[in-house]
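Visitor: Have a look at this one before I ask anything.
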Amino acid sequence: MKKKVLFLSIMCVCMVGCFIQKRALTTDDLLENRFLDPPTHVKPYVWWHWMGPNFSKEGITRDLEAMKDAGIGGATIFNITSSVQESHAPMLNNPWPEQTFRSPAYWEAIRFAAEEAQRLGLEIGLHNTPGYATTGGPWIDEERSMQQIVWSETSVSGSQKVSVILKKPELPVTLDWGSPKRRATLYKDIAVIAMPAGRTIMLKETVDLTGKMDESGNLEWEAPEGDWVICRIGYAPTMADPHPLPDDLMGISYEVDKITAEHNKFHWETVLNPLKEHIGPYLGKSFQHILIDSYEARQQSWSEGLREEFMKRKGYDPVPWITTFSPLIIHGWHGDVKRVIESEDITNRFVWDYQDVIHQLYLENGWNIAKDLIRKADLKLQFEPYTGPFSIPQGAAMADLPMGEFWTFSKGEINQLVPAAARAAGKTVVGAEAFTGEPELSKWTEDPAFLKLSADGAFADGVNRLILHHWVHQPFDDKYQPGLSMGWWGTHFNRHQTWFEPGKAFFTYLGRCQALLQHGEQYSDYLCMDRPEGFSDVISKDDFLNTRLKVKKGKIILPSGRSYTFMVFPGDGDMLPEVARKIKQIVSKGATVVSVKPVKSPSLKDYPLCDDEVKKIAGELWGNGLQNKYKKGFVFTQLEDAVKKHNIQPDFLVEKAANPEDIKIAHRYSSDTDIYFIVNQSSKPQHISVSFLISGKQPELWQAEDGSIADAPVWREKGGRTTVDLQLKGTQSVFVVFRKPASGSDHPVSVSIQDTTTGW
């Protein structure tokens with residue numbers, strides 16, 4: 001018994017010792033270890049393009065082993081055409097013609113890739129559609145494809161019985177993505193509307209003639225006095241097709257209808273069910289994600305159920321108003337209307353309503369269905385949520401990995417709505433399609449010295465996982481070099497790149513940067529709706545209305561746990577009544593809001609009562625001045641007044657720099673550590689001083705180029721801020737890390753940061 005007690009005592013001591021050691025590792029040591037030896041999941045990933053039928057098991061193994069050796073964490077498989085040139089015309093004499101998309105050989109290769117990734121500890125995934133845009137495939141026909149409004153116009157004179165054949169509208173054709181031109185064959189009528197000739201008309205003057213036209217387009221009508229325009233309104237496929245398609249799929253694929261739940265469910269089940277069948281044991285393990293690339297699928301303006309959905313959401317029939325649309329508006333872009341009903345203001349309200357409904361349906365019946373089915377398959381959704389007719393903040397918030405993109409001709413700038421919305425939603429990792437290149441720059445002459453500038457810029461913009469564009473799969477014997485490329489697009493990352501071996505230092509640099517930039521959360525000043533003002537987080541209008549916000553001690557708290565001193569509503573005086581009601585609710589609980597005093601609704605829903613309600617709430621909350629106290633909260637019209645009221649100090653300030661506009665900074669924080677990434681985007685050296693809203697901590701300089709960590713030699717503390725002097729060489733970056741108590745004394749000795757570049 002005594003031996004058993006002694007044994008248990010020793011075990012308890014050992015467990016306590018291990019616990020203490022583990023706790024120590026979760027602070028300073030863990031961060032250092034993560035920086036010096038980044039785990040696989042924080043490293044850069046690649047887009048792995050399989051060119052037409054050109055793939056092989058030998059090439060898969062060599063590619064994945066080379067990725068592992070180089071410091072790449074994973075890959076997303078794209079199945080695209082064998083030759084991505086301007087025409088996307090396929091390559092001739094491919095050696096594996098039987099390896100068509102989804103053939104037995106294809107599934108065998110996908111399963112083998114998952115097996116090899118699991119052996120190597122890498123993650124792989126798949127772009128959801130053949131091609132790199134957007135959601136579709138050979139399983140989508142015209143009936144299930146994206147639809148758009150089309151119409152024809154016929155002019156007639158009144159005061160007589162009109163007998164006329166209304167011609168069918170001209171139908172859309174495909175774009176030239178290597179496929180033969182195809183014109184839509186599907187057409188369905190929506191309505192026939194007559195209206196007086198002229199640009200401005202009254203709604204009551206429009207006449208619904210739908211029941212007076214037969215199936216052949218013959219119309220009989222006793223036309224009133226005057227000149228009339230008869231519109232035969234219908235819809236047809238947009239003829240958008242995924243692109244650039246694998247060789248065997250050209251001419252037989254369409255983009256799926258993005259706003260009809262039934263068709264999206266069909267598409268995603270067709271994508272996911274074969275994966276479950278062929279690589280089921282690897283789903284959620286080595287095979288972890290599905291991607292939706294940036295939107296290149298034209299704009300959808302109609303679906304079979306859209307009229308009913310619109311009436312349910314907005315309370316009136318959209319069809320008589322459709323004739324106001326210009327081609328730009330039909331395709332989802334802003335532009336002048338073709339004709340005016342009632343007035344310019346009233347017509348613009350309808351256009352706003354129409355695009356708002358399309359935005360909502362893309363998310364509700366499209367992307368949300370995708371996410372739900374992907375999660376049920378034990379996978380995660382990676383999504384570039386922009387360039388389409390939907391809310392970017394809403395798309396970024398719902399993705400597991402929201403992504404931006406940057407091109408090699410830039411300084412790494414990405415669409416700021418993506419990281420801003422990701423932060424608000426509690427997403428701590430933001431990806432980017434990295435180093436996409438144009439033909440003029442992507443010709444095997446790119447090197448890490450050239451690429452570092454845009455990489456650092458993206459890091460400073462809030463990105464912390466680069467997905468390199470691209471790593472083309474090399475299926476042939478290594479004696480064929482440089483091997484396959486993705487035509488003239490993208491930067492050439494693969495095992496045949498001439499600088500591949502010394503270039504591993506660049507991948508190591510990226511991995512170390514990402515190891516620190518994925519720590520904790522990114523700092524922001526406040527919350528905005530729909531678009532950022534200054535350095536802020538962003539939430540979409542629909543998420544603002546539908547999310548249960550909390551207000552506690554004046555702070556606005558989102559379900560993600562992110563909290564904000566105040567919220568900004570950008571705009572020029574237009575505000576939905578429901579938004580005004582929600583603002584009133586949170587202000588009454590103690591929140592601070594910044595917004596121009598609203599004067600009207602942008603919508604035609606419940607007009608003119610909607611404007612009356614907005615004005616009433618505006619009078620209560622905004623009063624007559626620039627600021628107003630309402631119950632427990634405050635309303636300001638000027639951002640600087642809210643900042644002053646809450647004494648918000650700048651998180652960092654560049655106090656000294658020859659070219660301050662070339663200094664970019666990102667801040668990550670956790671409960672006990674603050675990490676600032678600082679980059680000089682000028683090619684010239686700069687001696688800079690940066691003031692941080694940090695006190696009582698020792699600034700350290702962490703160099704991702706060589707893994708060195710040292711106390712900052714020159715720094716001082718005053719008024720609750722710490723100022724650090726840095727000597728940065730051209731395009732050099734450094735991390736300033738605060739994690740340990742400071743000695744309290746200033747350090748005035750001037751020392752340059754060591755130049756540790758490795759000849760990039």
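Note on naming: chains are A, B, ... as they come in the structure tokens, residues start from 1 per chain, ligands start from 1 in the order shown.
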Give the alpha helix (DSSP H) residues of region 402-445 of chain A, as DSSP finds them on the backbone, and put them as a list of chain:residue names.

Guide: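 The residues of region 402-445 of chain A classed as alpha helix (DSSP H) are A:Leu417, A:Val418, A:Pro419, A:Ala420, A:Ala421, A:Ala422, A:Arg423, A:Ala424.
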
Visitor: With only C-alpha atoms as the counted atoms, please give the residues lying no more than 12 Å from Ser689 (chain A), apart from itself and same-chain residues fewer than 5 positions off, as number ranges by chain.

Guide: A: 652-660, 663, 678, 714-716, 722-728, 750

Visitor: Could you give me, as a PyMOL selection string, each residue of region 205-335 of chain A that DSSP assigns to strand (DSSP E or B) when run on this structure's backbone?

Guide: chain A and resi 207-208+213+218-223+227-237+243+254-256+283+287-292+302

Visitor: Could you write out the selected residues, including N, CA, C and O atoms, as a compact mmCIF listing (two decimals), in the first residue's frame?

Guide:
# COMPACT_ATOMS: atom_id res chain seq x y z
N VAL A 207 -49.51 49.06 -69.19
CA VAL A 207 -50.61 48.12 -69.40
C VAL A 207 -50.04 46.71 -69.51
O VAL A 207 -49.12 46.46 -70.31
N ASP A 208 -50.58 45.78 -68.70
CA ASP A 208 -50.14 44.39 -68.75
C ASP A 208 -50.91 43.66 -69.85
O ASP A 208 -52.12 43.47 -69.76
N MET A 213 -51.16 37.80 -75.61
CA MET A 213 -50.19 37.24 -76.57
C MET A 213 -50.26 35.72 -76.52
O MET A 213 -50.26 35.13 -75.42
N ASN A 218 -48.15 36.23 -81.20
CA ASN A 218 -49.19 37.05 -81.81
C ASN A 218 -49.94 37.83 -80.73
O ASN A 218 -50.40 37.26 -79.74
N LEU A 219 -50.07 39.15 -80.93
CA LEU A 219 -50.74 40.01 -79.96
C LEU A 219 -51.90 40.73 -80.63
O LEU A 219 -51.75 41.31 -81.71
N GLU A 220 -53.07 40.70 -79.98
CA GLU A 220 -54.25 41.45 -80.42
C GLU A 220 -54.60 42.40 -79.29
O GLU A 220 -54.81 41.99 -78.15
N TRP A 221 -54.70 43.74 -79.63
CA TRP A 221 -54.92 44.72 -78.56
C TRP A 221 -55.60 45.96 -79.11
O TRP A 221 -55.18 46.49 -80.16
N GLU A 222 -56.64 46.41 -78.41
CA GLU A 222 -57.27 47.68 -78.73
C GLU A 222 -56.45 48.78 -78.07
O GLU A 222 -56.61 49.09 -76.88
N ALA A 223 -55.55 49.37 -78.82
CA ALA A 223 -54.59 50.32 -78.26
C ALA A 223 -55.23 51.70 -78.08
O ALA A 223 -55.85 52.22 -79.02
N ASP A 227 -48.78 57.07 -79.08
CA ASP A 227 -47.73 56.14 -79.52
C ASP A 227 -47.32 55.26 -78.34
O ASP A 227 -47.11 55.75 -77.21
N TRP A 228 -47.17 53.97 -78.63
CA TRP A 228 -46.92 52.98 -77.56
C TRP A 228 -45.68 52.14 -77.88
O TRP A 228 -45.34 51.93 -79.04
N VAL A 229 -45.06 51.66 -76.80
CA VAL A 229 -43.96 50.70 -76.91
C VAL A 229 -44.40 49.43 -76.18
O VAL A 229 -44.81 49.49 -75.01
N ILE A 230 -44.36 48.31 -76.90
CA ILE A 230 -44.75 47.03 -76.29
C ILE A 230 -43.47 46.22 -76.05
O ILE A 230 -42.69 45.97 -76.97
N CYS A 231 -43.26 45.83 -74.81
CA CYS A 231 -42.07 45.06 -74.42
C CYS A 231 -42.45 43.61 -74.17
O CYS A 231 -43.31 43.32 -73.31
N ARG A 232 -41.84 42.71 -74.93
CA ARG A 232 -41.97 41.28 -74.65
C ARG A 232 -40.78 40.89 -73.78
O ARG A 232 -39.64 40.83 -74.25
N ILE A 233 -41.07 40.66 -72.51
CA ILE A 233 -40.01 40.43 -71.51
C ILE A 233 -39.92 38.94 -71.20
O ILE A 233 -40.94 38.28 -70.94
N GLY A 234 -38.72 38.42 -71.24
CA GLY A 234 -38.51 37.02 -70.91
C GLY A 234 -37.16 36.80 -70.27
O GLY A 234 -36.48 37.76 -69.87
N TYR A 235 -36.80 35.54 -70.16
CA TYR A 235 -35.47 35.24 -69.62
C TYR A 235 -34.86 34.06 -70.35
O TYR A 235 -35.58 33.23 -70.93
N ALA A 236 -33.54 34.01 -70.32
CA ALA A 236 -32.78 32.99 -71.04
C ALA A 236 -31.46 32.76 -70.31
O ALA A 236 -31.06 33.58 -69.47
N PRO A 237 -30.77 31.67 -70.59
CA PRO A 237 -29.47 31.44 -69.95
C PRO A 237 -28.48 32.54 -70.29
O PRO A 237 -28.46 33.06 -71.41
N HIS A 243 -14.50 28.22 -66.78
CA HIS A 243 -13.35 28.35 -67.68
C HIS A 243 -12.08 28.48 -66.86
O HIS A 243 -12.14 28.86 -65.69
N TYR A 254 -21.87 24.56 -68.13
CA TYR A 254 -22.45 25.86 -67.82
C TYR A 254 -22.22 26.19 -66.35
O TYR A 254 -22.01 25.29 -65.52
N GLU A 255 -22.30 27.49 -66.05
CA GLU A 255 -22.31 27.94 -64.66
C GLU A 255 -23.70 27.67 -64.08
O GLU A 255 -24.72 27.95 -64.72
N VAL A 256 -23.74 27.19 -62.83
CA VAL A 256 -25.03 26.89 -62.21
C VAL A 256 -25.75 28.18 -61.83
O VAL A 256 -25.14 29.19 -61.51
N LEU A 283 -11.38 12.44 -46.37
CA LEU A 283 -12.11 13.70 -46.18
C LEU A 283 -12.00 14.16 -44.73
O LEU A 283 -12.27 13.40 -43.80
N PHE A 287 -7.40 15.50 -47.00
CA PHE A 287 -8.22 16.26 -47.94
C PHE A 287 -9.19 17.10 -47.11
O PHE A 287 -10.14 16.58 -46.53
N GLN A 288 -8.97 18.43 -47.06
CA GLN A 288 -9.66 19.23 -46.06
C GLN A 288 -10.53 20.36 -46.58
O GLN A 288 -11.32 20.91 -45.82
N HIS A 289 -10.42 20.76 -47.83
CA HIS A 289 -11.15 21.97 -48.22
C HIS A 289 -11.63 21.93 -49.66
O HIS A 289 -11.12 21.19 -50.50
N ILE A 290 -12.65 22.77 -49.91
CA ILE A 290 -13.18 23.06 -51.24
C ILE A 290 -13.07 24.57 -51.45
O ILE A 290 -13.37 25.36 -50.55
N LEU A 291 -12.68 24.96 -52.65
CA LEU A 291 -12.45 26.37 -52.95
C LEU A 291 -13.49 26.90 -53.94
O LEU A 291 -13.90 26.20 -54.86
N ILE A 292 -13.90 28.17 -53.74
CA ILE A 292 -14.59 28.95 -54.77
C ILE A 292 -13.68 30.13 -55.09
O ILE A 292 -13.46 31.00 -54.25
N TRP A 302 -32.18 37.01 -63.24
CA TRP A 302 -33.50 36.39 -63.14
C TRP A 302 -33.37 34.92 -62.75
O TRP A 302 -32.32 34.30 -62.94

Visitor: Skip Asp574 (chain A) itself and residues of its chain fewer than 2 positions away, then list as a list in words all residues within 12 Å of it, counting only C-alpha atoms.

Guide: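 These residues fall inside the cut-off: Asp345, Arg349, Trp352, Phe569, Pro570, Gly571, Asp572, Leu576, Pro577, Val579, Ala580, Ser595, Val596, Lys597, Pro598, Val599, Lys600, Ser601, Pro602, Ser603, Cys610, Asp611, Val614, Lys615 and Ala618 of chain A.
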
Visitor: For Gly431 (chain A), list every protein, DNA or RNA residue within 9 Å, evaluated using only C-alpha atoms, and leave out those in the same chain fewer than 3 positions away; present the list as a compact mmCIF listing (two decimals) with C-alpha atoms, in the first residue's frame.

Guide:
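Dumped everything to out28.txt:
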# COMPACT_ATOMS: atom_id res chain seq x y z
CA GLN A 382 -12.22 28.65 -48.94
CA GLU A 384 -12.75 34.73 -52.67
CA LEU A 401 -11.01 30.79 -45.02
CA PRO A 402 -11.91 34.16 -46.53
CA MET A 403 -9.45 35.09 -49.26
CA GLY A 404 -8.30 38.12 -51.20
CA GLU A 405 -5.78 38.28 -54.02
CA PRO A 419 -9.86 41.11 -43.89
CA ALA A 434 -0.67 35.37 -54.06
CA VAL A 463 -3.33 38.64 -45.01
CA ASN A 464 -1.62 35.87 -43.06
CA ARG A 465 -1.78 32.85 -45.36
CA LEU A 466 -0.40 33.13 -48.88
CA ILE A 467 -1.66 30.60 -51.42

Visitor: For each of A:Ile369, A:Ile322, A:Val587, A:Leu453, take the minimum atom-to-atom distance to Asp662 (chain A), counting only C-alpha atoms, then give the residue where this is smallest.

Guide: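 The shortest atom-to-atom distance to Asp662 (chain A) comes from A:Leu453.
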
Visitor: Figure out the distance between CA of Gly503 (chain A) and CA of Gly412 (chain A), please, to one decimal in Å.

Guide: 19.6 Å

Visitor: Identify, on the basis of only C-alpha atoms, every residue whose closest approach to Asp257 (chain A) does not exceed 6 Å; exclude the query and any residue fewer than 6 positions from it along the same chain; express the result as a short mmCIF file (atom, residue, chain, number, x, y, z; two decimals) with N, CA, C and O atoms, in the first residue's frame.

Guide:
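Result saved to part_39.cif:
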data_model
loop_
_atom_site.label_atom_id
_atom_site.label_comp_id
_atom_site.auth_asym_id
_atom_site.auth_seq_id
_atom_site.Cartn_x
_atom_site.Cartn_y
_atom_site.Cartn_z
N ARG A 144 -30.68 24.48 -65.67
CA ARG A 144 -30.12 24.71 -64.33
C ARG A 144 -29.08 25.83 -64.31
O ARG A 144 -28.49 26.11 -63.28
N SER A 145 -28.86 26.47 -65.43
CA SER A 145 -27.78 27.46 -65.52
C SER A 145 -28.27 28.85 -65.10
O SER A 145 -29.47 29.07 -64.86
N MET A 146 -27.36 29.79 -65.04
CA MET A 146 -27.68 31.17 -64.71
C MET A 146 -28.59 31.77 -65.77
O MET A 146 -28.42 31.51 -66.96
#

Visitor: Which distance in Å separates CA of Lys168 (chain A) and CA of Arg183 (chain A), to one decimal?

Guide: 13.8 Å

Visitor: Have a look at CA of Ser682 (chain A) and CA of Phe500 (chain A) and let me know their distance in Å, one decimal.

Guide: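 Atom-to-atom, CA of Ser682 (chain A) and CA of Phe500 (chain A) are spaced 26.3 Å apart.
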
Visitor: Which residues are close to Ile341 (chain A), i.e. within 10 Å by only C-alpha atoms, leaving aside same-chain residues fewer than 5 positions away? Reply as an mmCIF file with C-alpha atoms, in the first residue's frame.

Guide:
data_model
loop_
_atom_site.group_PDB
_atom_site.id
_atom_site.type_symbol
_atom_site.label_atom_id
_atom_site.label_comp_id
_atom_site.auth_asym_id
_atom_site.auth_seq_id
_atom_site.Cartn_x
_atom_site.Cartn_y
_atom_site.Cartn_z
ATOM 1 C CA ARG A 199 -38.349 58.256 -71.468
ATOM 2 C CA THR A 200 -40.537 59.258 -68.499
ATOM 3 C CA ILE A 201 -43.889 57.571 -67.823
ATOM 4 C CA MET A 202 -46.235 56.977 -64.908
ATOM 5 C CA LEU A 203 -46.725 53.508 -63.455
ATOM 6 C CA LYS A 204 -50.509 53.716 -63.894
ATOM 7 C CA GLU A 205 -49.954 54.281 -67.630
ATOM 8 C CA THR A 206 -48.325 50.867 -68.091
ATOM 9 C CA PRO A 320 -43.549 46.627 -64.738
ATOM 10 C CA TRP A 321 -40.323 48.271 -63.598
ATOM 11 C CA THR A 323 -38.374 48.078 -68.622
ATOM 12 C CA THR A 324 -36.356 50.809 -66.888
ATOM 13 C CA ILE A 346 -38.507 56.425 -57.544
ATOM 14 C CA THR A 347 -36.880 54.460 -60.365
ATOM 15 C CA ASN A 348 -33.505 54.411 -58.634
ATOM 16 C CA PHE A 350 -36.531 50.133 -57.576
#

Visitor: At a cut-off of 7 Å, using only C-alpha atoms, what residues contact Glu700 (chain A)? Leave out same-chain residues fewer than 3 positions from it and give the result as a list in words.

Guide: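 Skipping anything fewer than 3 positions along the chain leaves Ile709, Ala710, Asp711, Ala712, Val736, Val737 and Phe738 of chain A.
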
Visitor: Which one of A:Val164, A:Val271, A:Ala89, A:Leu468 sits closest to Thr135 (chain A) if you count only C-alpha atoms?

Guide: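 For Thr135 (chain A), the nearest of the candidates is A:Val271.
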
Visitor: Give me the region 77-138 of chain A side of the contact with region 473-496 of chain A, cut-off 9 Å, one line per residue showing its nearest atom pair and distance in Å at one decimal, counting only C-alpha atoms, sorted by chain and residue number, as CSV.

Guide:
residue,atom,partner,partner_atom,distance
A:Thr81,CA,A:Met486,CA,8.9
A:Ser82,CA,A:Met486,CA,8.1
A:Ser83,CA,A:Gly487,CA,5.7
A:Val84,CA,A:Gly487,CA,4.6
A:Gln85,CA,A:Gly487,CA,5.4
A:Glu86,CA,A:Trp488,CA,8.5
A:His88,CA,A:Gly487,CA,8.8

Visitor: Keeping only N, CA and C atoms, write those residues as a PDB file, in the first residue's frame.

Guide:
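Below is the file that was written, out00.pdb:
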ATOM      1  N   THR A  81      -7.755  23.640 -68.466  1.00  0.00           N
ATOM      2  CA  THR A  81      -7.356  23.264 -69.812  1.00  0.00           C
ATOM      3  C   THR A  81      -5.853  22.985 -69.890  1.00  0.00           C
ATOM      4  N   SER A  82      -5.463  22.256 -70.889  1.00  0.00           N
ATOM      5  CA  SER A  82      -4.052  21.921 -71.034  1.00  0.00           C
ATOM      6  C   SER A  82      -3.212  23.117 -71.474  1.00  0.00           C
ATOM      7  N   SER A  83      -3.862  24.193 -71.931  1.00  0.00           N
ATOM      8  CA  SER A  83      -3.106  25.345 -72.414  1.00  0.00           C
ATOM      9  C   SER A  83      -3.893  26.622 -72.154  1.00  0.00           C
ATOM     10  N   VAL A  84      -3.457  27.389 -71.159  1.00  0.00           N
ATOM     11  CA  VAL A  84      -4.181  28.612 -70.802  1.00  0.00           C
ATOM     12  C   VAL A  84      -3.558  29.788 -71.543  1.00  0.00           C
ATOM     13  N   GLN A  85      -3.897  29.913 -72.784  1.00  0.00           N
ATOM     14  CA  GLN A  85      -3.499  31.074 -73.570  1.00  0.00           C
ATOM     15  C   GLN A  85      -4.716  31.981 -73.732  1.00  0.00           C
ATOM     16  N   GLU A  86      -4.617  32.964 -74.593  1.00  0.00           N
ATOM     17  CA  GLU A  86      -5.742  33.878 -74.785  1.00  0.00           C
ATOM     18  C   GLU A  86      -6.987  33.124 -75.247  1.00  0.00           C
ATOM     19  N   HIS A  88      -7.398  29.777 -74.917  1.00  0.00           N
ATOM     20  CA  HIS A  88      -7.560  28.562 -74.118  1.00  0.00           C
ATOM     21  C   HIS A  88      -7.693  27.320 -75.001  1.00  0.00           C
TER      22      HIS A  88
END
